[in-house]
Amino acid sequence: MTTSTQPAPPETARPLTVSFWQAFLFWLKLGFISFGGPAGQISIMHQELVEQKRWISEKRFLHALNYCMLLPGPEAQQLAIYIGWLMHRTIGGIVAGVLFVLPSLFILIALSWIYIAFGHLTWVEGLFYGIKPAVTAIVFQAAHRIGMRSLKNKTLWMIAAFAFVAIFALNVPFPVIVLSAAMIGYVGSKLSPALFEVGGGHGQSSKSYGAALIDDDTPVPAHARFNWTKLAVLVLAGVVLWIIPMGSLTALYGWTHPLTQMAWFFTKAALLTFGGAYAVLPYVYQGAVNHYGWLTPTQMIDGLALGETTPGPLIMVVTFVGFIGAYTHALFGPELLFVAGALAAVIVTWFTFLPSFLFILAGGPLIESTHNDIKFTAPLTAITAAVVGVILNLALFFGYHVLWPQEFAGGFDWIAALIALGAAIALFHYKRNVIQVIAVCAVIGLVLSYIQLP
């Protein structure tokens, strides 16, 4: 008698080998279809690589994902790098990681140019008028989703509350909040480890989808075994790949030039922002909007809307930030606005994603030889709790600028409020996905633009 409903292909169906070019075509396809944020992207990879192609087993997939969840940066892209590296060595990891973001880079450069060059047109304004309330609802949903997954006891709720007060009322820098939460988690792992055992939301699984190419008992390949020499070479290569462009920008333009400052700022963002794309956004708006003035609060919201509707990691919103900052400030003069924007977009993308490759290629061999340890996962648990409070602050920030576009003195935009409410109902009650909600709200905004925008 068979009662299992999960797929269980015959043992003989185990993939014998996967060529580099087979993997290349998959990673290229993934770069164009990876909508839905990190959850959607991880779901796509799980469905394709674990359930259908069976290139990697469920257990090995989750083991890699748990490591990526510990790291700052986009966990979905890092997971792609990890699996690509495990299958086809360093070149496989590089190809997987680059193709994960490359289509999104070109798409966002094009959309950023259309936005800044033609955003004054009525129909474009209408689209964004409908999309921005939807984005506000989406960020509230992100806070709720992460909170329900991670705030499993009063201690974690308190960490989230303190993080919210710190950033909302005290304007504490985001990296300070993250590092403080990590320290609380580490100390907590020693004093009361049970409070921090909920992890990042990705536990182990007993599911099996049939024999996989990289199965539970598949030996670690030679290139994935830890070696001090290889580690030193990789770290040196990473440092060189950072120093050459940073040194070139400093030599050409000086340390205080916006392009150099963008490179430095997004290096810090890549290294200090844990907890996924929604966690990095508060740090980006603190710096890009409040400190450097590269773009306005409204432009930041519009950038997030574009990031939500394009493939690739949501953190690709940094491409928009770089493009708009360089374009609007005419860094190369009025004749080269697009060139300045495109160069800045490439620069911030390079410095944002470079650490992800180093973390995986250098740290992967250690992870392949170790198992989860509470002293490593507890800081992640505390950081994730803090991120909930930070994302809630971000949602309030967006809500204020959407519902009071002219600040409090300018009156309440009740039409935008109705759109936001409808988007929230669609997301929370009807469980519609982000793309559907944004598309419907964009159409509403377009229709309103031909009636009368506020």
# chains A, B, ... in the order shown; residues from 1 in each chain; ligands from 1
$ residues_around --residues "A:Ala76" --least-positions-apart "3" --cutoff "7 Å" --atoms "only C-alpha atoms" --output "PDB file with N, CA and C atoms, in the first residue's frame"
ATOM      1  N   PRO A  38      13.421  36.772  -2.531  1.00  0.00           N
ATOM      2  CA  PRO A  38      14.216  35.600  -2.146  1.00  0.00           C
ATOM      3  C   PRO A  38      13.389  34.338  -1.939  1.00  0.00           C
ATOM      4  N   GLN A  41      12.529  33.016  -5.366  1.00  0.00           N
ATOM      5  CA  GLN A  41      13.710  32.524  -6.063  1.00  0.00           C
ATOM      6  C   GLN A  41      14.189  31.198  -5.482  1.00  0.00           C
ATOM      7  N   ILE A  42      14.189  31.096  -4.158  1.00  0.00           N
ATOM      8  CA  ILE A  42      14.587  29.836  -3.519  1.00  0.00           C
ATOM      9  C   ILE A  42      13.594  28.736  -3.874  1.00  0.00           C
ATOM     10  N   LEU A  79      22.944  31.134  -2.675  1.00  0.00           N
ATOM     11  CA  LEU A  79      22.605  29.722  -2.821  1.00  0.00           C
ATOM     12  C   LEU A  79      22.909  29.240  -4.233  1.00  0.00           C
ATOM     13  N   ALA A  80      22.610  30.069  -5.231  1.00  0.00           N
ATOM     14  CA  ALA A  80      22.933  29.712  -6.615  1.00  0.00           C
ATOM     15  C   ALA A  80      24.443  29.559  -6.785  1.00  0.00           C
TER      16      ALA A  80
END
$ select_by_dssp --residues "stretch 43-259 of chain A" --states "alpha helix (DSSP H)" --output "VMD selection string"
chain A and resid 43 to 45 58 to 70 75 to 118 122 to 150 154 to 168 174 to 191 228 to 253 258 to 259
$ closest_atom_pairs --of "stretch 41-140 of chain A" --to "stretch 307-324 of chain A" --cutoff "8 Å" --atoms "only C-alpha atoms" --output "Markdown table"
| residue | atom | partner | partner_atom | distance |
| --- | --- | --- | --- | --- |
| A:Pro74 | CA | A:Pro313 | CA | 6.6 |
| A:Ala76 | CA | A:Pro313 | CA | 7.4 |
| A:Gln77 | CA | A:Pro313 | CA | 7.1 |
| A:Phe100 | CA | A:Gly312 | CA | 6.2 |
| A:Val101 | CA | A:Gly312 | CA | 5.4 |
| A:Pro103 | CA | A:Gly312 | CA | 7.6 |
| A:Ser104 | CA | A:Gly312 | CA | 5.4 |
| A:Leu105 | CA | A:Thr319 | CA | 6.9 |
| A:Ile107 | CA | A:Thr310 | CA | 7.5 |
| A:Leu108 | CA | A:Phe320 | CA | 6.5 |
| A:Ile109 | CA | A:Phe320 | CA | 7.0 |
| A:Ser112 | CA | A:Phe320 | CA | 5.9 |
| A:Trp113 | CA | A:Phe323 | CA | 7.9 |
| A:Ile116 | CA | A:Ile324 | CA | 7.2 |
$ residues_around --residues "A:Val447" --least-positions-apart "6" --cutoff "12 Å" --atoms "only C-alpha atoms" --output "count of residues only"
12
$ residues_around --residues "A:Ile184" --least-positions-apart "2" --cutoff "10 Å" --atoms "only C-alpha atoms" --output "NGL selection string"
:A and (159 or 178-182 or 186-189 or 378-379 or 381-383)
$ write_last_selection --atoms "C-alpha atoms" --output "mmCIF file, in the first residue's frame"
data_model
loop_
_atom_site.group_PDB
_atom_site.id
_atom_site.type_symbol
_atom_site.label_atom_id
_atom_site.label_comp_id
_atom_site.auth_asym_id
_atom_site.auth_seq_id
_atom_site.Cartn_x
_atom_site.Cartn_y
_atom_site.Cartn_z
ATOM 1 C CA ILE A 159 14.764 42.418 20.347
ATOM 2 C CA VAL A 178 22.649 44.388 13.405
ATOM 3 C CA LEU A 179 25.915 43.996 15.278
ATOM 4 C CA SER A 180 24.186 44.578 18.634
ATOM 5 C CA ALA A 181 21.608 41.904 17.823
ATOM 6 C CA ALA A 182 24.359 39.488 16.788
ATOM 7 C CA TYR A 186 25.907 34.999 20.701
ATOM 8 C CA VAL A 187 25.728 35.692 24.433
ATOM 9 C CA GLY A 188 22.234 34.188 24.488
ATOM 10 C CA SER A 189 23.553 30.992 22.904
ATOM 11 C CA ALA A 378 21.877 32.109 17.423
ATOM 12 C CA PRO A 379 23.283 35.438 16.129
ATOM 13 C CA THR A 381 18.127 34.329 15.008
ATOM 14 C CA ALA A 382 18.652 37.551 16.957
ATOM 15 C CA ILE A 383 19.489 39.509 13.787
#
$ closest_residue --among "A:Ile167, A:Leu195, A:Ala423, A:Leu366" --to "A:Leu394" --atoms "only C-alpha atoms"
A:Ile167
$ residues_around --residues "A:Val289" --least-positions-apart "6" --cutoff "12 Å" --atoms "only C-alpha atoms" --output "NGL selection string"
:A and (281-283 or 295-301 or 321-322 or 324-325 or 397)
$ write_last_selection --atoms "C-alpha atoms" --output "PDB file, in the first residue's frame"
ATOM      1  CA  LEU A 281      16.737  48.771   2.385  1.00  0.00           C
ATOM      2  CA  PRO A 282      16.628  50.807   5.626  1.00  0.00           C
ATOM      3  CA  TYR A 283      20.408  51.120   5.521  1.00  0.00           C
ATOM      4  CA  LEU A 295      17.783  60.477  -4.525  1.00  0.00           C
ATOM      5  CA  THR A 296      14.534  61.586  -2.893  1.00  0.00           C
ATOM      6  CA  PRO A 297      12.240  59.500  -0.657  1.00  0.00           C
ATOM      7  CA  THR A 298       9.724  59.275  -3.514  1.00  0.00           C
ATOM      8  CA  GLN A 299      12.393  58.049  -5.913  1.00  0.00           C
ATOM      9  CA  MET A 300      13.468  55.447  -3.346  1.00  0.00           C
ATOM     10  CA  ILE A 301       9.913  54.081  -3.199  1.00  0.00           C
ATOM     11  CA  VAL A 321      19.943  54.104  -6.657  1.00  0.00           C
ATOM     12  CA  GLY A 322      23.296  54.358  -8.410  1.00  0.00           C
ATOM     13  CA  ILE A 324      19.441  57.927 -10.445  1.00  0.00           C
ATOM     14  CA  GLY A 325      22.108  59.431  -8.180  1.00  0.00           C
ATOM     15  CA  PHE A 397       8.597  55.500   6.228  1.00  0.00           C
TER      16      PHE A 397
END
$ decode --residues "stretch 60-180 of chain A" --atoms "C-alpha atoms" --output "mmCIF file, in the first residue's frame"
data_model
loop_
_atom_site.group_PDB
_atom_site.id
_atom_site.type_symbol
_atom_site.label_atom_id
_atom_site.label_comp_id
_atom_site.auth_asym_id
_atom_site.auth_seq_id
_atom_site.Cartn_x
_atom_site.Cartn_y
_atom_site.Cartn_z
ATOM 1 C CA ARG A 60 22.189 19.105 0.871
ATOM 2 C CA PHE A 61 20.078 21.943 -0.559
ATOM 3 C CA LEU A 62 18.899 23.003 2.921
ATOM 4 C CA HIS A 63 22.382 22.625 4.369
ATOM 5 C CA ALA A 64 23.659 25.119 1.788
ATOM 6 C CA LEU A 65 20.668 27.413 2.343
ATOM 7 C CA ASN A 66 21.197 27.519 6.100
ATOM 8 C CA TYR A 67 24.760 28.731 5.533
ATOM 9 C CA CYS A 68 23.595 31.391 3.070
ATOM 10 C CA MET A 69 21.032 32.573 5.620
ATOM 11 C CA LEU A 70 23.890 33.274 8.044
ATOM 12 C CA LEU A 71 25.585 35.639 5.608
ATOM 13 C CA PRO A 72 24.988 39.285 4.797
ATOM 14 C CA GLY A 73 23.760 39.790 1.274
ATOM 15 C CA PRO A 74 21.173 38.121 -0.995
ATOM 16 C CA GLU A 75 20.739 34.524 0.179
ATOM 17 C CA ALA A 76 19.076 33.338 -3.048
ATOM 18 C CA GLN A 77 21.987 34.478 -5.204
ATOM 19 C CA GLN A 78 24.460 33.038 -2.695
ATOM 20 C CA LEU A 79 22.605 29.722 -2.821
ATOM 21 C CA ALA A 80 22.933 29.712 -6.615
ATOM 22 C CA ILE A 81 26.669 30.385 -6.283
ATOM 23 C CA TYR A 82 26.982 27.564 -3.729
ATOM 24 C CA ILE A 83 25.237 24.951 -5.871
ATOM 25 C CA GLY A 84 27.052 26.093 -9.026
ATOM 26 C CA TRP A 85 30.376 25.841 -7.162
ATOM 27 C CA LEU A 86 29.555 22.435 -5.717
ATOM 28 C CA MET A 87 28.729 21.086 -9.176
ATOM 29 C CA HIS A 88 31.358 22.747 -11.386
ATOM 30 C CA ARG A 89 34.058 24.201 -9.160
ATOM 31 C CA THR A 90 34.868 27.913 -8.917
ATOM 32 C CA ILE A 91 33.900 28.720 -12.510
ATOM 33 C CA GLY A 92 30.501 27.098 -11.922
ATOM 34 C CA GLY A 93 29.870 29.266 -8.881
ATOM 35 C CA ILE A 94 30.940 32.438 -10.663
ATOM 36 C CA VAL A 95 28.726 31.708 -13.667
ATOM 37 C CA ALA A 96 25.710 30.897 -11.472
ATOM 38 C CA GLY A 97 26.110 34.070 -9.427
ATOM 39 C CA VAL A 98 26.750 36.378 -12.391
ATOM 40 C CA LEU A 99 23.863 35.056 -14.489
ATOM 41 C CA PHE A 100 21.560 35.400 -11.468
ATOM 42 C CA VAL A 101 21.975 39.195 -11.534
ATOM 43 C CA LEU A 102 23.117 40.078 -15.071
ATOM 44 C CA PRO A 103 19.669 40.155 -16.772
ATOM 45 C CA SER A 104 18.312 42.268 -13.912
ATOM 46 C CA LEU A 105 21.240 44.710 -14.218
ATOM 47 C CA PHE A 106 20.498 45.453 -17.876
ATOM 48 C CA ILE A 107 16.738 45.561 -17.326
ATOM 49 C CA LEU A 108 17.017 47.969 -14.390
ATOM 50 C CA ILE A 109 19.441 50.278 -16.202
ATOM 51 C CA ALA A 110 16.915 50.527 -19.033
ATOM 52 C CA LEU A 111 13.952 51.020 -16.690
ATOM 53 C CA SER A 112 15.844 53.564 -14.583
ATOM 54 C CA TRP A 113 16.569 55.616 -17.702
ATOM 55 C CA ILE A 114 12.928 55.428 -18.814
ATOM 56 C CA TYR A 115 11.834 56.429 -15.317
ATOM 57 C CA ILE A 116 14.075 59.472 -15.011
ATOM 58 C CA ALA A 117 13.800 60.597 -18.646
ATOM 59 C CA PHE A 118 10.055 60.101 -19.119
ATOM 60 C CA GLY A 119 8.733 59.979 -15.549
ATOM 61 C CA HIS A 120 7.110 63.380 -15.996
ATOM 62 C CA LEU A 121 4.644 61.954 -18.529
ATOM 63 C CA THR A 122 1.106 61.632 -17.208
ATOM 64 C CA TRP A 123 0.758 57.918 -17.875
ATOM 65 C CA VAL A 124 4.112 57.129 -16.215
ATOM 66 C CA GLU A 125 3.138 59.198 -13.180
ATOM 67 C CA GLY A 126 -0.145 57.317 -13.084
ATOM 68 C CA LEU A 127 1.577 53.931 -13.085
ATOM 69 C CA PHE A 128 3.778 54.883 -10.150
ATOM 70 C CA TYR A 129 0.894 56.524 -8.319
ATOM 71 C CA GLY A 130 -0.818 53.120 -8.258
ATOM 72 C CA ILE A 131 2.331 51.110 -7.582
ATOM 73 C CA LYS A 132 3.657 53.046 -4.575
ATOM 74 C CA PRO A 133 0.744 52.229 -2.221
ATOM 75 C CA ALA A 134 1.129 48.582 -3.264
ATOM 76 C CA VAL A 135 4.818 48.697 -2.331
ATOM 77 C CA THR A 136 3.897 50.057 1.097
ATOM 78 C CA ALA A 137 1.531 47.108 1.639
ATOM 79 C CA ILE A 138 4.225 44.697 0.377
ATOM 80 C CA VAL A 139 6.764 45.950 2.907
ATOM 81 C CA PHE A 140 4.201 45.630 5.731
ATOM 82 C CA GLN A 141 3.571 42.073 4.554
ATOM 83 C CA ALA A 142 7.320 41.363 4.614
ATOM 84 C CA ALA A 143 7.519 42.533 8.235
ATOM 85 C CA HIS A 144 4.534 40.355 9.126
ATOM 86 C CA ARG A 145 5.836 37.305 7.260
ATOM 87 C CA ILE A 146 9.319 37.453 8.746
ATOM 88 C CA GLY A 147 7.910 38.240 12.179
ATOM 89 C CA MET A 148 5.532 35.266 12.199
ATOM 90 C CA ARG A 149 8.383 33.008 11.131
ATOM 91 C CA SER A 150 11.042 34.236 13.502
ATOM 92 C CA LEU A 151 9.522 35.819 16.641
ATOM 93 C CA LYS A 152 8.893 32.623 18.561
ATOM 94 C CA ASN A 153 9.291 33.870 22.136
ATOM 95 C CA LYS A 154 9.207 37.045 24.252
ATOM 96 C CA THR A 155 12.971 37.545 24.042
ATOM 97 C CA LEU A 156 12.880 37.767 20.255
ATOM 98 C CA TRP A 157 9.845 40.067 20.387
ATOM 99 C CA MET A 158 11.799 42.357 22.723
ATOM 100 C CA ILE A 159 14.764 42.418 20.347
ATOM 101 C CA ALA A 160 12.419 43.386 17.498
ATOM 102 C CA ALA A 161 10.822 46.126 19.608
ATOM 103 C CA PHE A 162 14.169 47.563 20.693
ATOM 104 C CA ALA A 163 15.372 47.551 17.072
ATOM 105 C CA PHE A 164 12.265 49.456 15.978
ATOM 106 C CA VAL A 165 12.656 52.081 18.702
ATOM 107 C CA ALA A 166 16.385 52.391 17.979
ATOM 108 C CA ILE A 167 15.948 53.166 14.287
ATOM 109 C CA PHE A 168 12.586 54.990 14.436
ATOM 110 C CA ALA A 169 13.019 57.188 17.500
ATOM 111 C CA LEU A 170 16.782 57.300 18.069
ATOM 112 C CA ASN A 171 17.994 57.104 14.442
ATOM 113 C CA VAL A 172 20.603 54.498 15.371
ATOM 114 C CA PRO A 173 22.575 53.391 12.268
ATOM 115 C CA PHE A 174 21.422 50.067 10.885
ATOM 116 C CA PRO A 175 24.839 48.313 11.136
ATOM 117 C CA VAL A 176 24.945 49.135 14.862
ATOM 118 C CA ILE A 177 21.533 47.500 15.308
ATOM 119 C CA VAL A 178 22.649 44.388 13.405
ATOM 120 C CA LEU A 179 25.915 43.996 15.278
ATOM 121 C CA SER A 180 24.186 44.578 18.634
#
